[in-house]
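Below is one structure; the comments refer to it alone.
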Amino acid sequence: MEYLETKIDGEVKYKGIIVTVRLDKARLHNGTEVKREVVEHPGGVTILPVDDEGNCYMVRQFRYPFGKMMLEAPAGKLEPGEDHRTCAVRELAEETGFTADELLYLGGCCTSPGFSTEVLHIYLALGLHPGKSHPDQDEFLNVEKISLKKLSEMVMSGEIDDGKTIVAVLKAEKILAGR
């Protein structure tokens with residue numbers, strides 16, 4: 001049985017720079033009416049760049065909501081109407097300076113499906129060519145080279161707790177093991 005919920009009504013409560021927050025009224029499959037909070041997000045990409053020696057190029061940046069520096073795979077927000085592959089190419093170059101011969105799509109990841117529409121599209125970048133990074137004006141980050149094996153250990157120990165990075169590392173490890 002599918003337990004579908006049908007939107008009856010909705011009201012925008014906040015419209016920000018990146019997200020819009022709605023409060024919806026929905027009807028459950030049994031007829032009960034409930035409230036649902038929805039954060040509309042344009043989505044984005046995560047790219048795990050891996051060189052021929054199995055090293056990954058990660059970014060460490062301050063994340064305001066958590067008040068700390070976090071180690072993450074390079075990532076970025078989709079612009080309106082932008083194709084996620086195009087966004088991946090742009091964000092890889094902006095944050096790391098790399099271009100890639102091959103971008104393997106590893107799938108989409110619904111980050112918080114209980115309240116958010118955000119989908120992150122995950123890519124594995126191979127055949128890397130170095131260049132100069134050019135982060136956004138308000139983006140300050142350090143690029144760090146870490147082996148995929150070490151990153152996997154960091155994921156499993158809980159040292160890396162960023163969801164998109166966890167998914168990218170574990171998927172990439174599985175795919176590269178099969179090559």
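Labels for the structure tokens follow display order: chains A, B, ..., residues from 1 in each chain, ligands from 1.
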
Find the nearest atom pair between each residue of segment 4-62 of chain A and segment 81-105 of chain A for residues within 10 Å, count only C-alpha atoms, give distances in Å to one decimal, sort rows by chain and ascending number, and present the table as JSON lines.
```
{"residue": "A:Pro42", "atom": "CA", "partner": "A:Gly81", "partner_atom": "CA", "distance": 9.4}
{"residue": "A:Gly43", "atom": "CA", "partner": "A:His84", "partner_atom": "CA", "distance": 8.9}
{"residue": "A:Gly44", "atom": "CA", "partner": "A:His84", "partner_atom": "CA", "distance": 7.0}
{"residue": "A:Val45", "atom": "CA", "partner": "A:Ala88", "partner_atom": "CA", "distance": 5.9}
{"residue": "A:Thr46", "atom": "CA", "partner": "A:Ala88", "partner_atom": "CA", "distance": 7.1}
{"residue": "A:Ile47", "atom": "CA", "partner": "A:Ala88", "partner_atom": "CA", "distance": 6.5}
{"residue": "A:Leu48", "atom": "CA", "partner": "A:Leu92", "partner_atom": "CA", "distance": 8.8}
{"residue": "A:Pro49", "atom": "CA", "partner": "A:Leu92", "partner_atom": "CA", "distance": 7.9}
{"residue": "A:Val50", "atom": "CA", "partner": "A:Ala100", "partner_atom": "CA", "distance": 9.5}
{"residue": "A:Asp51", "atom": "CA", "partner": "A:Ala100", "partner_atom": "CA", "distance": 9.6}
{"residue": "A:Tyr57", "atom": "CA", "partner": "A:Thr96", "partner_atom": "CA", "distance": 7.3}
{"residue": "A:Met58", "atom": "CA", "partner": "A:Thr96", "partner_atom": "CA", "distance": 8.1}
{"residue": "A:Val59", "atom": "CA", "partner": "A:Glu95", "partner_atom": "CA", "distance": 7.6}
```

Within chain A, find each residue whose DSSP state, derived from the backbone, is strand (DSSP E or B), and express the selection as a PDB file with N, CA and C atoms, in the first residue's frame.
```pdb
ATOM      1  N   THR A   6      -1.545  14.323   0.163  1.00  0.00           N
ATOM      2  CA  THR A   6      -1.951  15.286  -0.853  1.00  0.00           C
ATOM      3  C   THR A   6      -1.934  16.693  -0.275  1.00  0.00           C
ATOM      4  N   LYS A   7      -1.241  17.594  -0.963  1.00  0.00           N
ATOM      5  CA  LYS A   7      -1.196  18.992  -0.520  1.00  0.00           C
ATOM      6  C   LYS A   7      -2.567  19.626  -0.727  1.00  0.00           C
ATOM      7  N   ILE A   8      -3.066  20.243   0.334  1.00  0.00           N
ATOM      8  CA  ILE A   8      -4.346  20.953   0.282  1.00  0.00           C
ATOM      9  C   ILE A   8      -4.108  22.445   0.095  1.00  0.00           C
ATOM     10  N   ASP A   9      -3.125  22.954   0.840  1.00  0.00           N
ATOM     11  CA  ASP A   9      -2.860  24.383   0.838  1.00  0.00           C
ATOM     12  C   ASP A   9      -1.419  24.597   1.282  1.00  0.00           C
ATOM     13  N   GLY A  10      -0.866  25.749   0.986  1.00  0.00           N
ATOM     14  CA  GLY A  10       0.481  26.059   1.424  1.00  0.00           C
ATOM     15  C   GLY A  10       0.710  27.556   1.484  1.00  0.00           C
ATOM     16  N   GLU A  11       1.595  27.941   2.383  1.00  0.00           N
ATOM     17  CA  GLU A  11       1.902  29.362   2.547  1.00  0.00           C
ATOM     18  C   GLU A  11       3.411  29.517   2.717  1.00  0.00           C
ATOM     19  N   VAL A  12       4.000  30.430   1.942  1.00  0.00           N
ATOM     20  CA  VAL A  12       5.422  30.728   2.087  1.00  0.00           C
ATOM     21  C   VAL A  12       5.602  31.548   3.354  1.00  0.00           C
ATOM     22  N   LYS A  13       6.454  31.056   4.247  1.00  0.00           N
ATOM     23  CA  LYS A  13       6.719  31.731   5.514  1.00  0.00           C
ATOM     24  C   LYS A  13       8.011  32.545   5.466  1.00  0.00           C
ATOM     25  N   TYR A  14       8.916  32.125   4.592  1.00  0.00           N
ATOM     26  CA  TYR A  14      10.214  32.811   4.491  1.00  0.00           C
ATOM     27  C   TYR A  14      10.792  32.562   3.113  1.00  0.00           C
ATOM     28  N   LYS A  15      11.300  33.613   2.484  1.00  0.00           N
ATOM     29  CA  LYS A  15      11.982  33.490   1.196  1.00  0.00           C
ATOM     30  C   LYS A  15      13.352  34.113   1.361  1.00  0.00           C
ATOM     31  N   THR A  20      13.539  28.654   0.451  1.00  0.00           N
ATOM     32  CA  THR A  20      12.202  29.157   0.727  1.00  0.00           C
ATOM     33  C   THR A  20      11.570  28.166   1.683  1.00  0.00           C
ATOM     34  N   VAL A  21      10.911  28.678   2.717  1.00  0.00           N
ATOM     35  CA  VAL A  21      10.270  27.805   3.706  1.00  0.00           C
ATOM     36  C   VAL A  21       8.757  27.959   3.577  1.00  0.00           C
ATOM     37  N   ARG A  22       8.089  26.802   3.435  1.00  0.00           N
ATOM     38  CA  ARG A  22       6.635  26.761   3.328  1.00  0.00           C
ATOM     39  C   ARG A  22       6.040  26.013   4.513  1.00  0.00           C
ATOM     40  N   LEU A  23       4.817  26.393   4.853  1.00  0.00           N
ATOM     41  CA  LEU A  23       4.020  25.616   5.784  1.00  0.00           C
ATOM     42  C   LEU A  23       2.808  25.149   4.983  1.00  0.00           C
ATOM     43  N   ASP A  24       2.735  23.839   4.754  1.00  0.00           N
ATOM     44  CA  ASP A  24       1.662  23.260   3.954  1.00  0.00           C
ATOM     45  C   ASP A  24       0.649  22.555   4.850  1.00  0.00           C
ATOM     46  N   LYS A  25      -0.562  22.447   4.329  1.00  0.00           N
ATOM     47  CA  LYS A  25      -1.573  21.580   4.922  1.00  0.00           C
ATOM     48  C   LYS A  25      -1.734  20.432   3.936  1.00  0.00           C
ATOM     49  N   ALA A  26      -1.681  19.198   4.460  1.00  0.00           N
ATOM     50  CA  ALA A  26      -1.783  18.017   3.610  1.00  0.00           C
ATOM     51  C   ALA A  26      -2.823  17.052   4.167  1.00  0.00           C
ATOM     52  N   ARG A  27      -3.333  16.225   3.276  1.00  0.00           N
ATOM     53  CA  ARG A  27      -4.291  15.191   3.681  1.00  0.00           C
ATOM     54  C   ARG A  27      -3.590  13.842   3.573  1.00  0.00           C
ATOM     55  N   GLU A  33      -5.974  15.526   8.278  1.00  0.00           N
ATOM     56  CA  GLU A  33      -5.230  16.689   7.801  1.00  0.00           C
ATOM     57  C   GLU A  33      -4.072  16.975   8.754  1.00  0.00           C
ATOM     58  N   VAL A  34      -2.903  17.264   8.188  1.00  0.00           N
ATOM     59  CA  VAL A  34      -1.686  17.523   8.965  1.00  0.00           C
ATOM     60  C   VAL A  34      -0.958  18.734   8.389  1.00  0.00           C
ATOM     61  N   LYS A  35      -0.036  19.274   9.184  1.00  0.00           N
ATOM     62  CA  LYS A  35       0.828  20.358   8.717  1.00  0.00           C
ATOM     63  C   LYS A  35       2.179  19.773   8.339  1.00  0.00           C
ATOM     64  N   ARG A  36       2.765  20.300   7.279  1.00  0.00           N
ATOM     65  CA  ARG A  36       4.084  19.871   6.825  1.00  0.00           C
ATOM     66  C   ARG A  36       4.936  21.110   6.555  1.00  0.00           C
ATOM     67  N   GLU A  37       6.122  21.152   7.175  1.00  0.00           N
ATOM     68  CA  GLU A  37       7.084  22.212   6.899  1.00  0.00           C
ATOM     69  C   GLU A  37       7.990  21.731   5.773  1.00  0.00           C
ATOM     70  N   VAL A  38       8.171  22.580   4.769  1.00  0.00           N
ATOM     71  CA  VAL A  38       8.978  22.216   3.608  1.00  0.00           C
ATOM     72  C   VAL A  38      10.006  23.313   3.341  1.00  0.00           C
ATOM     73  N   VAL A  39      11.261  22.899   3.237  1.00  0.00           N
ATOM     74  CA  VAL A  39      12.326  23.819   2.851  1.00  0.00           C
ATOM     75  C   VAL A  39      12.635  23.542   1.380  1.00  0.00           C
ATOM     76  N   GLU A  40      12.306  24.508   0.529  1.00  0.00           N
ATOM     77  CA  GLU A  40      12.609  24.378  -0.898  1.00  0.00           C
ATOM     78  C   GLU A  40      14.060  24.801  -1.111  1.00  0.00           C
ATOM     79  N   GLY A  44      22.103  20.725  -5.615  1.00  0.00           N
ATOM     80  CA  GLY A  44      23.495  21.009  -5.915  1.00  0.00           C
ATOM     81  C   GLY A  44      24.233  19.766  -6.352  1.00  0.00           C
ATOM     82  N   VAL A  45      25.554  19.870  -6.297  1.00  0.00           N
ATOM     83  CA  VAL A  45      26.434  18.781  -6.707  1.00  0.00           C
ATOM     84  C   VAL A  45      27.520  18.572  -5.664  1.00  0.00           C
ATOM     85  N   THR A  46      28.034  17.366  -5.651  1.00  0.00           N
ATOM     86  CA  THR A  46      29.213  17.006  -4.874  1.00  0.00           C
ATOM     87  C   THR A  46      30.131  16.264  -5.826  1.00  0.00           C
ATOM     88  N   ILE A  47      31.413  16.602  -5.800  1.00  0.00           N
ATOM     89  CA  ILE A  47      32.372  15.971  -6.697  1.00  0.00           C
ATOM     90  C   ILE A  47      33.519  15.416  -5.872  1.00  0.00           C
ATOM     91  N   LEU A  48      33.838  14.145  -6.088  1.00  0.00           N
ATOM     92  CA  LEU A  48      35.006  13.565  -5.436  1.00  0.00           C
ATOM     93  C   LEU A  48      36.093  13.419  -6.498  1.00  0.00           C
ATOM     94  N   PRO A  49      37.096  14.333  -6.494  1.00  0.00           N
ATOM     95  CA  PRO A  49      38.190  14.235  -7.456  1.00  0.00           C
ATOM     96  C   PRO A  49      39.241  13.234  -6.955  1.00  0.00           C
ATOM     97  N   VAL A  50      39.534  12.219  -7.770  1.00  0.00           N
ATOM     98  CA  VAL A  50      40.501  11.185  -7.401  1.00  0.00           C
ATOM     99  C   VAL A  50      41.568  11.113  -8.489  1.00  0.00           C
ATOM    100  N   ASN A  55      44.527   9.405  -4.658  1.00  0.00           N
ATOM    101  CA  ASN A  55      44.400  10.542  -3.736  1.00  0.00           C
ATOM    102  C   ASN A  55      43.181  11.380  -4.107  1.00  0.00           C
ATOM    103  N   CYS A  56      42.488  11.849  -3.092  1.00  0.00           N
ATOM    104  CA  CYS A  56      41.311  12.693  -3.281  1.00  0.00           C
ATOM    105  C   CYS A  56      41.662  14.122  -2.874  1.00  0.00           C
ATOM    106  N   TYR A  57      41.010  15.066  -3.515  1.00  0.00           N
ATOM    107  CA  TYR A  57      41.246  16.475  -3.217  1.00  0.00           C
ATOM    108  C   TYR A  57      39.986  17.020  -2.559  1.00  0.00           C
ATOM    109  N   MET A  58      40.116  17.272  -1.259  1.00  0.00           N
ATOM    110  CA  MET A  58      39.006  17.677  -0.414  1.00  0.00           C
ATOM    111  C   MET A  58      39.139  19.157  -0.069  1.00  0.00           C
ATOM    112  N   VAL A  59      38.056  19.727   0.413  1.00  0.00           N
ATOM    113  CA  VAL A  59      38.105  21.114   0.876  1.00  0.00           C
ATOM    114  C   VAL A  59      37.765  21.159   2.360  1.00  0.00           C
ATOM    115  N   ARG A  60      38.477  22.003   3.064  1.00  0.00           N
ATOM    116  CA  ARG A  60      38.190  22.242   4.477  1.00  0.00           C
ATOM    117  C   ARG A  60      37.731  23.694   4.576  1.00  0.00           C
ATOM    118  N   GLN A  61      36.537  23.871   5.112  1.00  0.00           N
ATOM    119  CA  GLN A  61      35.988  25.217   5.218  1.00  0.00           C
ATOM    120  C   GLN A  61      35.145  25.354   6.480  1.00  0.00           C
ATOM    121  N   PHE A  62      34.989  26.592   6.921  1.00  0.00           N
ATOM    122  CA  PHE A  62      34.180  26.868   8.103  1.00  0.00           C
ATOM    123  C   PHE A  62      32.717  26.753   7.730  1.00  0.00           C
ATOM    124  N   ARG A  63      31.962  26.009   8.546  1.00  0.00           N
ATOM    125  CA  ARG A  63      30.525  25.863   8.328  1.00  0.00           C
ATOM    126  C   ARG A  63      29.803  26.542   9.480  1.00  0.00           C
ATOM    127  N   LYS A  68      32.293  25.326  13.033  1.00  0.00           N
ATOM    128  CA  LYS A  68      33.594  24.657  12.966  1.00  0.00           C
ATOM    129  C   LYS A  68      34.033  24.455  11.522  1.00  0.00           C
ATOM    130  N   MET A  69      35.329  24.189  11.377  1.00  0.00           N
ATOM    131  CA  MET A  69      35.882  23.821  10.080  1.00  0.00           C
ATOM    132  C   MET A  69      35.495  22.370   9.807  1.00  0.00           C
ATOM    133  N   MET A  70      35.096  22.082   8.560  1.00  0.00           N
ATOM    134  CA  MET A  70      34.699  20.720   8.203  1.00  0.00           C
ATOM    135  C   MET A  70      35.419  20.289   6.931  1.00  0.00           C
ATOM    136  N   LEU A  71      35.816  19.023   6.891  1.00  0.00           N
ATOM    137  CA  LEU A  71      36.439  18.437   5.715  1.00  0.00           C
ATOM    138  C   LEU A  71      35.340  17.842   4.850  1.00  0.00           C
ATOM    139  N   GLU A  72      35.291  18.267   3.578  1.00  0.00           N
ATOM    140  CA  GLU A  72      34.207  17.870   2.687  1.00  0.00           C
ATOM    141  C   GLU A  72      34.725  17.650   1.275  1.00  0.00           C
ATOM    142  N   ALA A  75      31.826  20.904  -3.473  1.00  0.00           N
ATOM    143  CA  ALA A  75      30.388  20.896  -3.748  1.00  0.00           C
ATOM    144  C   ALA A  75      29.907  22.303  -4.053  1.00  0.00           C
ATOM    145  N   GLY A  76      28.711  22.390  -4.579  1.00  0.00           N
ATOM    146  CA  GLY A  76      28.134  23.703  -4.841  1.00  0.00           C
ATOM    147  C   GLY A  76      26.672  23.617  -5.210  1.00  0.00           C
ATOM    148  N   LYS A  77      26.039  24.765  -5.185  1.00  0.00           N
ATOM    149  CA  LYS A  77      24.609  24.908  -5.436  1.00  0.00           C
ATOM    150  C   LYS A  77      24.329  25.060  -6.929  1.00  0.00           C
ATOM    151  N   THR A  99      40.355  20.223 -13.698  1.00  0.00           N
ATOM    152  CA  THR A  99      39.418  19.775 -14.718  1.00  0.00           C
ATOM    153  C   THR A  99      39.602  18.263 -14.789  1.00  0.00           C
ATOM    154  N   ALA A 100      38.616  17.565 -15.331  1.00  0.00           N
ATOM    155  CA  ALA A 100      38.659  16.100 -15.342  1.00  0.00           C
ATOM    156  C   ALA A 100      38.355  15.564 -16.734  1.00  0.00           C
ATOM    157  N   ASP A 101      39.052  14.486 -17.085  1.00  0.00           N
ATOM    158  CA  ASP A 101      38.762  13.795 -18.347  1.00  0.00           C
ATOM    159  C   ASP A 101      37.439  13.049 -18.267  1.00  0.00           C
ATOM    160  N   GLU A 102      37.114  12.580 -17.064  1.00  0.00           N
ATOM    161  CA  GLU A 102      35.934  11.750 -16.890  1.00  0.00           C
ATOM    162  C   GLU A 102      35.170  12.178 -15.636  1.00  0.00           C
ATOM    163  N   LEU A 103      33.875  12.385 -15.817  1.00  0.00           N
ATOM    164  CA  LEU A 103      32.971  12.662 -14.693  1.00  0.00           C
ATOM    165  C   LEU A 103      31.933  11.546 -14.670  1.00  0.00           C
ATOM    166  N   LEU A 104      32.039  10.679 -13.683  1.00  0.00           N
ATOM    167  CA  LEU A 104      31.088   9.572 -13.550  1.00  0.00           C
ATOM    168  C   LEU A 104      29.969   9.993 -12.612  1.00  0.00           C
ATOM    169  N   TYR A 105      28.740   9.889 -13.084  1.00  0.00           N
ATOM    170  CA  TYR A 105      27.587  10.236 -12.252  1.00  0.00           C
ATOM    171  C   TYR A 105      27.293   9.073 -11.310  1.00  0.00           C
ATOM    172  N   LEU A 106      27.311   9.347 -10.004  1.00  0.00           N
ATOM    173  CA  LEU A 106      27.082   8.322  -8.997  1.00  0.00           C
ATOM    174  C   LEU A 106      25.661   8.353  -8.434  1.00  0.00           C
ATOM    175  N   GLY A 107      24.831   9.240  -8.960  1.00  0.00           N
ATOM    176  CA  GLY A 107      23.435   9.308  -8.539  1.00  0.00           C
ATOM    177  C   GLY A 107      23.109  10.512  -7.690  1.00  0.00           C
ATOM    178  N   GLY A 108      21.840  10.629  -7.405  1.00  0.00           N
ATOM    179  CA  GLY A 108      21.356  11.722  -6.571  1.00  0.00           C
ATOM    180  C   GLY A 108      21.187  11.267  -5.134  1.00  0.00           C
ATOM    181  N   CYS A 109      21.223  12.225  -4.227  1.00  0.00           N
ATOM    182  CA  CYS A 109      21.084  11.944  -2.798  1.00  0.00           C
ATOM    183  C   CYS A 109      20.109  12.970  -2.212  1.00  0.00           C
ATOM    184  N   CYS A 110      18.985  12.484  -1.692  1.00  0.00           N
ATOM    185  CA  CYS A 110      18.018  13.353  -1.016  1.00  0.00           C
ATOM    186  C   CYS A 110      18.562  13.608   0.384  1.00  0.00           C
ATOM    187  N   SER A 116      13.072  18.682   3.406  1.00  0.00           N
ATOM    188  CA  SER A 116      13.759  19.478   2.390  1.00  0.00           C
ATOM    189  C   SER A 116      13.645  18.854   1.000  1.00  0.00           C
ATOM    190  N   VAL A 119      18.271  17.949  -3.462  1.00  0.00           N
ATOM    191  CA  VAL A 119      18.883  16.752  -4.024  1.00  0.00           C
ATOM    192  C   VAL A 119      20.303  17.134  -4.421  1.00  0.00           C
ATOM    193  N   LEU A 120      21.277  16.368  -3.933  1.00  0.00           N
ATOM    194  CA  LEU A 120      22.666  16.573  -4.340  1.00  0.00           C
ATOM    195  C   LEU A 120      23.035  15.491  -5.340  1.00  0.00           C
ATOM    196  N   HIS A 121      23.588  15.914  -6.466  1.00  0.00           N
ATOM    197  CA  HIS A 121      24.023  14.996  -7.519  1.00  0.00           C
ATOM    198  C   HIS A 121      25.512  14.732  -7.302  1.00  0.00           C
ATOM    199  N   ILE A 122      25.865  13.466  -7.189  1.00  0.00           N
ATOM    200  CA  ILE A 122      27.222  13.087  -6.812  1.00  0.00           C
ATOM    201  C   ILE A 122      28.009  12.607  -8.028  1.00  0.00           C
ATOM    202  N   TYR A 123      29.228  13.121  -8.142  1.00  0.00           N
ATOM    203  CA  TYR A 123      30.111  12.768  -9.253  1.00  0.00           C
ATOM    204  C   TYR A 123      31.465  12.299  -8.744  1.00  0.00           C
ATOM    205  N   LEU A 124      32.073  11.418  -9.518  1.00  0.00           N
ATOM    206  CA  LEU A 124      33.447  10.986  -9.324  1.00  0.00           C
ATOM    207  C   LEU A 124      34.234  11.571 -10.483  1.00  0.00           C
ATOM    208  N   ALA A 125      35.261  12.367 -10.177  1.00  0.00           N
ATOM    209  CA  ALA A 125      36.080  13.012 -11.211  1.00  0.00           C
ATOM    210  C   ALA A 125      37.406  12.270 -11.330  1.00  0.00           C
ATOM    211  N   LEU A 126      37.717  11.812 -12.546  1.00  0.00           N
ATOM    212  CA  LEU A 126      38.947  11.060 -12.817  1.00  0.00           C
ATOM    213  C   LEU A 126      39.697  11.700 -13.979  1.00  0.00           C
ATOM    214  N   GLY A 127      40.988  11.355 -14.099  1.00  0.00           N
ATOM    215  CA  GLY A 127      41.807  11.957 -15.153  1.00  0.00           C
ATOM    216  C   GLY A 127      41.968  13.442 -14.886  1.00  0.00           C
ATOM    217  N   LEU A 128      42.475  13.770 -13.711  1.00  0.00           N
ATOM    218  CA  LEU A 128      42.538  15.165 -13.262  1.00  0.00           C
ATOM    219  C   LEU A 128      43.677  15.942 -13.912  1.00  0.00           C
ATOM    220  N   HIS A 129      43.394  17.199 -14.205  1.00  0.00           N
ATOM    221  CA  HIS A 129      44.386  18.142 -14.717  1.00  0.00           C
ATOM    222  C   HIS A 129      44.371  19.370 -13.814  1.00  0.00           C
ATOM    223  N   LEU A 141      38.459  28.511   1.622  1.00  0.00           N
ATOM    224  CA  LEU A 141      38.660  27.087   1.852  1.00  0.00           C
ATOM    225  C   LEU A 141      40.096  26.685   1.569  1.00  0.00           C
ATOM    226  N   ASN A 142      40.484  25.568   2.171  1.00  0.00           N
ATOM    227  CA  ASN A 142      41.788  24.971   1.928  1.00  0.00           C
ATOM    228  C   ASN A 142      41.574  23.647   1.212  1.00  0.00           C
ATOM    229  N   VAL A 143      42.384  23.381   0.199  1.00  0.00           N
ATOM    230  CA  VAL A 143      42.323  22.104  -0.499  1.00  0.00           C
ATOM    231  C   VAL A 143      43.344  21.168   0.147  1.00  0.00           C
ATOM    232  N   GLU A 144      42.893  19.951   0.463  1.00  0.00           N
ATOM    233  CA  GLU A 144      43.759  18.965   1.102  1.00  0.00           C
ATOM    234  C   GLU A 144      43.743  17.677   0.302  1.00  0.00           C
ATOM    235  N   LYS A 145      44.929  17.083   0.119  1.00  0.00           N
ATOM    236  CA  LYS A 145      45.069  15.821  -0.595  1.00  0.00           C
ATOM    237  C   LYS A 145      45.117  14.676   0.422  1.00  0.00           C
ATOM    238  N   ILE A 146      44.166  13.754   0.302  1.00  0.00           N
ATOM    239  CA  ILE A 146      44.054  12.629   1.236  1.00  0.00           C
ATOM    240  C   ILE A 146      43.714  11.380   0.425  1.00  0.00           C
ATOM    241  N   SER A 147      44.346  10.261   0.742  1.00  0.00           N
ATOM    242  CA  SER A 147      44.070   9.029  -0.003  1.00  0.00           C
ATOM    243  C   SER A 147      42.630   8.585   0.213  1.00  0.00           C
TER     244      SER A 147
END
```

- Between atom CA of Leu170 of chain A and atom CA of Lys150 of chain A, measure the distance and give it in Å to one decimal.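 Separation between atom CA of Leu170 of chain A and atom CA of Lys150 of chain A: 11.7 Å.
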
- Message: Report, in Å with one decimal, the straight-line distance from atom CA of Asp136 of chain A to atom CA of Pro80 of chain A.
- Response: 17.2 Å

- Figure out the distance between atom CA of Pro74 of chain A and atom CA of Thr165 of chain A, please, to one decimal in Å.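 Separation between atom CA of Thr165 of chain A and atom CA of Pro74 of chain A: 8.6 Å.
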
- Counting only C-alpha atoms, what is within 12 Å of Glu2 of chain A, bar same-chain residues fewer than 2 positions away, as JSON, numbers by chain? {"A": [4, 5, 28, 29, 30]}

- Query: Where does DSSP see alpha helix (DSSP H) in segment 8-144 of chain A, if you list the residues as a PyMOL selection string?
  - Reply: chain A and resi 84-96
